[in-house]
Structures are given as structure tokens and as C-alpha cells.
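> The following file, input.txt, comprises compact mmCIF, C-alpha atoms:
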```txt
# COMPACT_ATOMS: atom_id res chain seq x y z
CA MET F 1 10.14 0.86 -22.40
CA ILE F 2 10.66 2.00 -18.82
CA ARG F 3 8.67 -0.08 -16.33
CA ILE F 4 7.57 1.23 -12.91
CA LEU F 5 5.95 -0.78 -10.11
CA PHE F 6 4.47 1.19 -7.20
CA VAL F 7 4.13 -0.87 -4.03
CA CYS F 8 2.39 -0.48 -0.68
CA HIS F 9 0.96 -2.80 1.97
CA GLY F 10 -2.43 -3.63 0.44
CA ASN F 11 -2.42 -2.06 -3.04
CA ILE F 12 -5.72 -0.23 -2.56
CA CYS F 13 -4.66 3.23 -1.27
CA ARG F 14 -1.18 4.64 -1.87
CA SER F 15 0.21 2.48 -4.68
CA THR F 16 -3.04 2.64 -6.67
CA MET F 17 -3.09 6.41 -6.16
CA CYS F 18 0.49 6.52 -7.51
CA GLU F 19 -0.45 4.33 -10.47
CA SER F 20 -3.29 6.69 -11.43
CA VAL F 21 -1.34 9.91 -10.78
CA MET F 22 1.74 8.74 -12.68
CA THR F 23 -0.37 7.42 -15.57
CA HIS F 24 -2.01 10.85 -15.79
CA LEU F 25 1.31 12.75 -15.63
CA VAL F 26 2.91 10.46 -18.23
CA SER F 27 -0.10 10.87 -20.53
CA GLN F 28 0.10 14.67 -20.26
CA LYS F 29 3.73 14.48 -21.45
CA ASN F 30 2.80 12.10 -24.31
CA LEU F 31 5.09 9.41 -22.89
CA SER F 32 2.53 6.61 -22.50
CA GLU F 33 4.24 4.54 -25.22
CA LYS F 34 7.57 4.78 -23.40
CA ILE F 35 6.61 4.27 -19.74
CA HIS F 36 4.63 1.33 -18.32
CA ILE F 37 3.09 1.80 -14.86
CA ALA F 38 1.62 -0.78 -12.47
CA SER F 39 1.12 -1.31 -8.74
CA ALA F 40 1.16 -4.17 -6.25
CA ALA F 41 0.95 -5.12 -2.58
CA THR F 42 3.47 -6.62 -0.19
CA HIS F 43 0.71 -8.52 1.66
CA ASN F 44 -2.37 -10.58 0.77
CA ASP F 45 -4.87 -8.56 2.85
CA GLU F 46 -6.68 -6.86 -0.05
CA ILE F 47 -5.89 -9.07 -3.07
CA GLY F 48 -8.66 -8.75 -5.67
CA ASN F 49 -10.18 -5.64 -4.11
CA PRO F 50 -10.67 -2.36 -6.00
CA PRO F 51 -9.02 0.91 -4.96
CA HIS F 52 -10.14 2.30 -1.59
CA TYR F 53 -13.11 4.67 -1.87
CA GLY F 54 -10.98 7.43 -0.28
CA THR F 55 -8.38 7.08 -3.04
CA ALA F 56 -11.08 7.08 -5.73
CA ARG F 57 -12.76 10.13 -4.18
CA LYS F 58 -9.51 12.11 -3.87
CA LEU F 59 -8.46 11.37 -7.44
CA LYS F 60 -11.90 12.39 -8.75
CA GLN F 61 -11.68 15.62 -6.73
CA ALA F 62 -8.24 16.29 -8.28
CA GLY F 63 -9.50 15.57 -11.81
CA ILE F 64 -7.26 12.53 -12.26
CA PRO F 65 -8.82 9.41 -13.84
CA LEU F 66 -8.74 6.31 -11.65
CA VAL F 67 -6.90 3.51 -13.45
CA PRO F 68 -9.07 0.35 -13.44
CA HIS F 69 -7.40 -1.88 -10.88
CA ARG F 70 -7.73 -4.87 -8.57
CA ALA F 71 -5.12 -5.42 -5.88
CA VAL F 72 -2.33 -7.89 -6.75
CA ARG F 73 0.65 -9.18 -4.80
CA MET F 74 4.23 -8.31 -5.71
CA THR F 75 6.30 -11.34 -6.72
CA LYS F 76 9.99 -12.17 -6.80
CA GLU F 77 9.77 -12.16 -10.61
CA ASP F 78 8.74 -8.49 -10.59
CA TYR F 79 12.35 -7.60 -9.83
CA ALA F 80 13.36 -8.68 -13.34
CA ARG F 81 10.24 -7.17 -14.97
CA TYR F 82 10.53 -3.62 -13.63
CA ASP F 83 13.18 -0.89 -13.79
CA TYR F 84 11.83 0.91 -10.71
CA LEU F 85 10.21 -0.79 -7.72
CA ILE F 86 8.93 2.04 -5.57
CA GLY F 87 7.62 1.67 -2.03
CA MET F 88 5.76 4.20 0.04
CA ASP F 89 7.42 3.68 3.42
CA SER F 90 10.29 1.94 5.18
CA ALA F 91 8.19 -1.13 6.01
CA ASN F 92 7.30 -1.51 2.31
CA ILE F 93 10.99 -1.35 1.40
CA ARG F 94 11.87 -4.07 3.92
CA ASN F 95 9.07 -6.30 2.65
CA MET F 96 9.91 -5.66 -1.01
CA THR F 97 13.55 -6.53 -0.39
CA ARG F 98 12.45 -9.72 1.39
CA ILE F 99 10.12 -10.68 -1.49
CA THR F 100 12.87 -10.16 -4.10
CA ASN F 101 15.64 -11.72 -1.96
CA GLY F 102 17.64 -8.50 -2.08
CA ASP F 103 18.20 -5.51 -4.32
CA PRO F 104 21.48 -6.11 -6.16
CA GLN F 105 20.70 -3.57 -8.92
CA GLY F 106 19.43 -0.80 -6.63
CA LYS F 107 15.93 -0.77 -8.14
CA ILE F 108 14.02 -0.57 -4.84
CA CYS F 109 13.47 2.83 -3.21
CA LYS F 110 10.92 5.03 -1.50
CA LEU F 111 8.94 7.38 -3.73
CA LEU F 112 9.91 10.57 -1.93
CA THR F 113 13.59 9.77 -2.48
CA PHE F 114 13.10 11.32 -5.93
CA ALA F 115 11.97 14.54 -4.21
CA ASN F 116 15.14 14.52 -2.07
CA SER F 117 13.27 13.43 1.04
CA SER F 118 13.61 10.40 3.30
CA ARG F 119 10.01 10.80 4.53
CA ASP F 120 7.51 7.98 4.37
CA ILE F 121 4.15 8.50 2.70
CA ALA F 122 1.58 7.97 5.44
CA ASP F 123 -0.99 5.23 4.87
CA PRO F 124 -4.45 6.86 4.67
CA TRP F 125 -6.01 3.49 5.57
CA TYR F 126 -4.85 4.36 9.10
CA THR F 127 -4.68 8.17 9.06
CA GLY F 128 -7.83 8.82 7.04
CA ASN F 129 -5.98 11.77 5.49
CA PHE F 130 -6.16 11.18 1.74
CA ASP F 131 -5.36 14.86 1.07
CA GLU F 132 -1.95 14.57 2.74
CA THR F 133 -1.24 11.29 0.98
CA TYR F 134 -2.24 12.80 -2.37
CA ALA F 135 0.08 15.79 -1.85
CA ASP F 136 3.00 13.44 -1.09
CA VAL F 137 2.14 11.16 -4.02
CA MET F 138 1.96 14.12 -6.42
CA GLU F 139 5.30 15.47 -5.13
CA GLY F 140 6.97 12.07 -5.50
CA CYS F 141 5.48 11.18 -8.89
CA THR F 142 6.34 14.60 -10.33
CA ALA F 143 9.94 14.24 -9.14
CA LEU F 144 10.14 10.64 -10.43
CA LEU F 145 8.91 11.71 -13.86
CA ARG F 146 11.53 14.50 -13.99
CA HIS F 147 14.18 11.90 -13.06
CA ILE F 148 13.01 9.55 -15.83
CA GLU F 149 12.84 12.35 -18.42
CA ARG F 150 16.44 13.31 -17.60
CA ALA F 151 17.53 9.68 -17.91
CA MET F 152 15.71 9.32 -21.26
CA SER F 153 17.41 12.42 -22.66
CA ARG F 154 20.92 11.04 -22.07
```
Mind converting the file's structure to C-alpha cells?

Amino acid sequence: MIRILFVCHGNICRSTMCESVMTHLVSQKNLSEKIHIASAATHNDEIGNPPHYGTARKLKQAGIPLVPHRAVRMTKEDYARYDYLIGMDSANIRNMTRITNGDPQGKICKLLTFANSSRDIADPWYTGNFDETYADVMEGCTALLRHIERAMSR
């Protein structure tokens, strides 16, 4: 089983959007039994809260089911539990690396790296632009799934 953890600051906007989008994409490819998907926060700000209403609204508009979720905090132990620990921006990567005390196996990266981009995914909590965030999340998740499918076929 391949295990993916999507991570952002509060785990109510970007990482939960990724969790729902990737769950949907994986289900469409009939790979749900082979790929486990979760999400977490680097900070305690939103722990226990549901996904942001803007994330829920955008996913509904796109026809993607919202995965039932309450914000949780990433832990040091997650490094051993997951094959991919994927942050949304450079600040997430720094915080994830701090939480795990390093990245000796190269598991931590930004989502858009899989789409051959070094761009950050903007936080719609601040920008209010859930459409832009969704477009970036879809681009990154689609590229990540292609990467995983190639790795599984080897």
C-alpha cells in the first residue's frame, strides 16, 4: 500500500482539498485498495475543525466528494507511516522538516514538484481564491498520480 500525507498550515483548505481530489482520482482509476490518502496540519490553529466552507463549496462545484475530515496535526511518527509527505508551499516544507527532524529518505516535497514546477500553492485562507487553488491542486494531484502509477508498474 502506498501512503500519502498532504500537509498545509491548518489542514482545512489546501491539504483537505488535496485529500478529496486525490481520493476521487484514485477511485476513478480503481486504485483505492492500493493507495491510502490523508492530510494534516503543521500548526495547531484549526485542529478539530472541518474543511473550510470555500474548499467544500469548490469541491461541490467541481463534482468531487468532500472526504469527511477534521483537522489533525502532523507528527514526527508520520515520517515512518507515509511514503509521500507533500506540502503546499515552502513554509510547509520547512515546518514539516522541523517536525520530522529532517528528511533522510527524501519523502518531503511540494505538490507541484510532480508537475515539474517549483511554484507554491497559494493559501486561499488569505487569497480567497479557491478556484486558483483548486486548479493548482488538480494539476499537482494528477501529476502525482501519474508518478505513482509509473512507480507501481515497475
> Which residues come within 6 Å of Cys8 (chain F), counting all atoms listed in the file, excluding same-chain residues fewer than 2 positions away, as a ChimeraX atom specification?
/F:10-11,15,41,87-88,92
> For region 122-135 of chain F, work out the shell of residues within 8 Å, counting all atoms listed in the file and skipping chain neighbours fewer than 4 positions away, then give it as a ChimeraX atom specification.
/F:13-14,17,54-55,58,88-89,139
> Around (-0.1, 5.9, -16.2) in the file's frame, which residues reach within 8 Å when counting only C-alpha atoms? Return as an NGL selection string?
:F and (19-27 or 32 or 35-38 or 67)
> Measure the distance from CA of Ser39 (chain F) to CA of Arg154 (chain F) in Å and round it to one decimal.
26.9 Å
> Asp78 (chain F): which residues within 12 Å, counting only C-alpha atoms, same-chain residues fewer than 4 positions away excluded, as a PDB file with C-alpha atoms, in the coordinates of the input?

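Saved file result_26.pdb follows:
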```pdb
ATOM      1  CA  ARG F   3       8.670  -0.080 -16.330  1.00  0.00           C
ATOM      2  CA  ILE F   4       7.570   1.230 -12.910  1.00  0.00           C
ATOM      3  CA  LEU F   5       5.950  -0.780 -10.110  1.00  0.00           C
ATOM      4  CA  PHE F   6       4.470   1.190  -7.200  1.00  0.00           C
ATOM      5  CA  VAL F   7       4.130  -0.870  -4.030  1.00  0.00           C
ATOM      6  CA  ALA F  38       1.620  -0.780 -12.470  1.00  0.00           C
ATOM      7  CA  SER F  39       1.120  -1.310  -8.740  1.00  0.00           C
ATOM      8  CA  ALA F  40       1.160  -4.170  -6.250  1.00  0.00           C
ATOM      9  CA  ALA F  41       0.950  -5.120  -2.580  1.00  0.00           C
ATOM     10  CA  THR F  42       3.470  -6.620  -0.190  1.00  0.00           C
ATOM     11  CA  VAL F  72      -2.330  -7.890  -6.750  1.00  0.00           C
ATOM     12  CA  ARG F  73       0.650  -9.180  -4.800  1.00  0.00           C
ATOM     13  CA  MET F  74       4.230  -8.310  -5.710  1.00  0.00           C
ATOM     14  CA  TYR F  82      10.530  -3.620 -13.630  1.00  0.00           C
ATOM     15  CA  ASP F  83      13.180  -0.890 -13.790  1.00  0.00           C
ATOM     16  CA  TYR F  84      11.830   0.910 -10.710  1.00  0.00           C
ATOM     17  CA  LEU F  85      10.210  -0.790  -7.720  1.00  0.00           C
ATOM     18  CA  ILE F  86       8.930   2.040  -5.570  1.00  0.00           C
ATOM     19  CA  MET F  96       9.910  -5.660  -1.010  1.00  0.00           C
ATOM     20  CA  THR F  97      13.550  -6.530  -0.390  1.00  0.00           C
ATOM     21  CA  ILE F  99      10.120 -10.680  -1.490  1.00  0.00           C
ATOM     22  CA  THR F 100      12.870 -10.160  -4.100  1.00  0.00           C
ATOM     23  CA  ASN F 101      15.640 -11.720  -1.960  1.00  0.00           C
ATOM     24  CA  ASP F 103      18.200  -5.510  -4.320  1.00  0.00           C
ATOM     25  CA  LYS F 107      15.930  -0.770  -8.140  1.00  0.00           C
ATOM     26  CA  ILE F 108      14.020  -0.570  -4.840  1.00  0.00           C
TER      27      ILE F 108
END
```
> Select, counting only C-alpha atoms, all protein, DNA and RNA residues no farther than 10 Å from (9.2, 16.3, -6.1) in file coordinates, and express the selection as number ranges by chain.
F: 111-117, 136-147
> Provide the CA of Asn30 (chain F) to CA of Gly106 (chain F) distance in Å, to one decimal place.
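Between CA of Asn30 (chain F) and CA of Gly106 (chain F) the gap works out to 27.5 Å.
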> Quick one, how far is CA of Glu33 (chain F) from CA of Tyr79 (chain F)?
21.2 Å
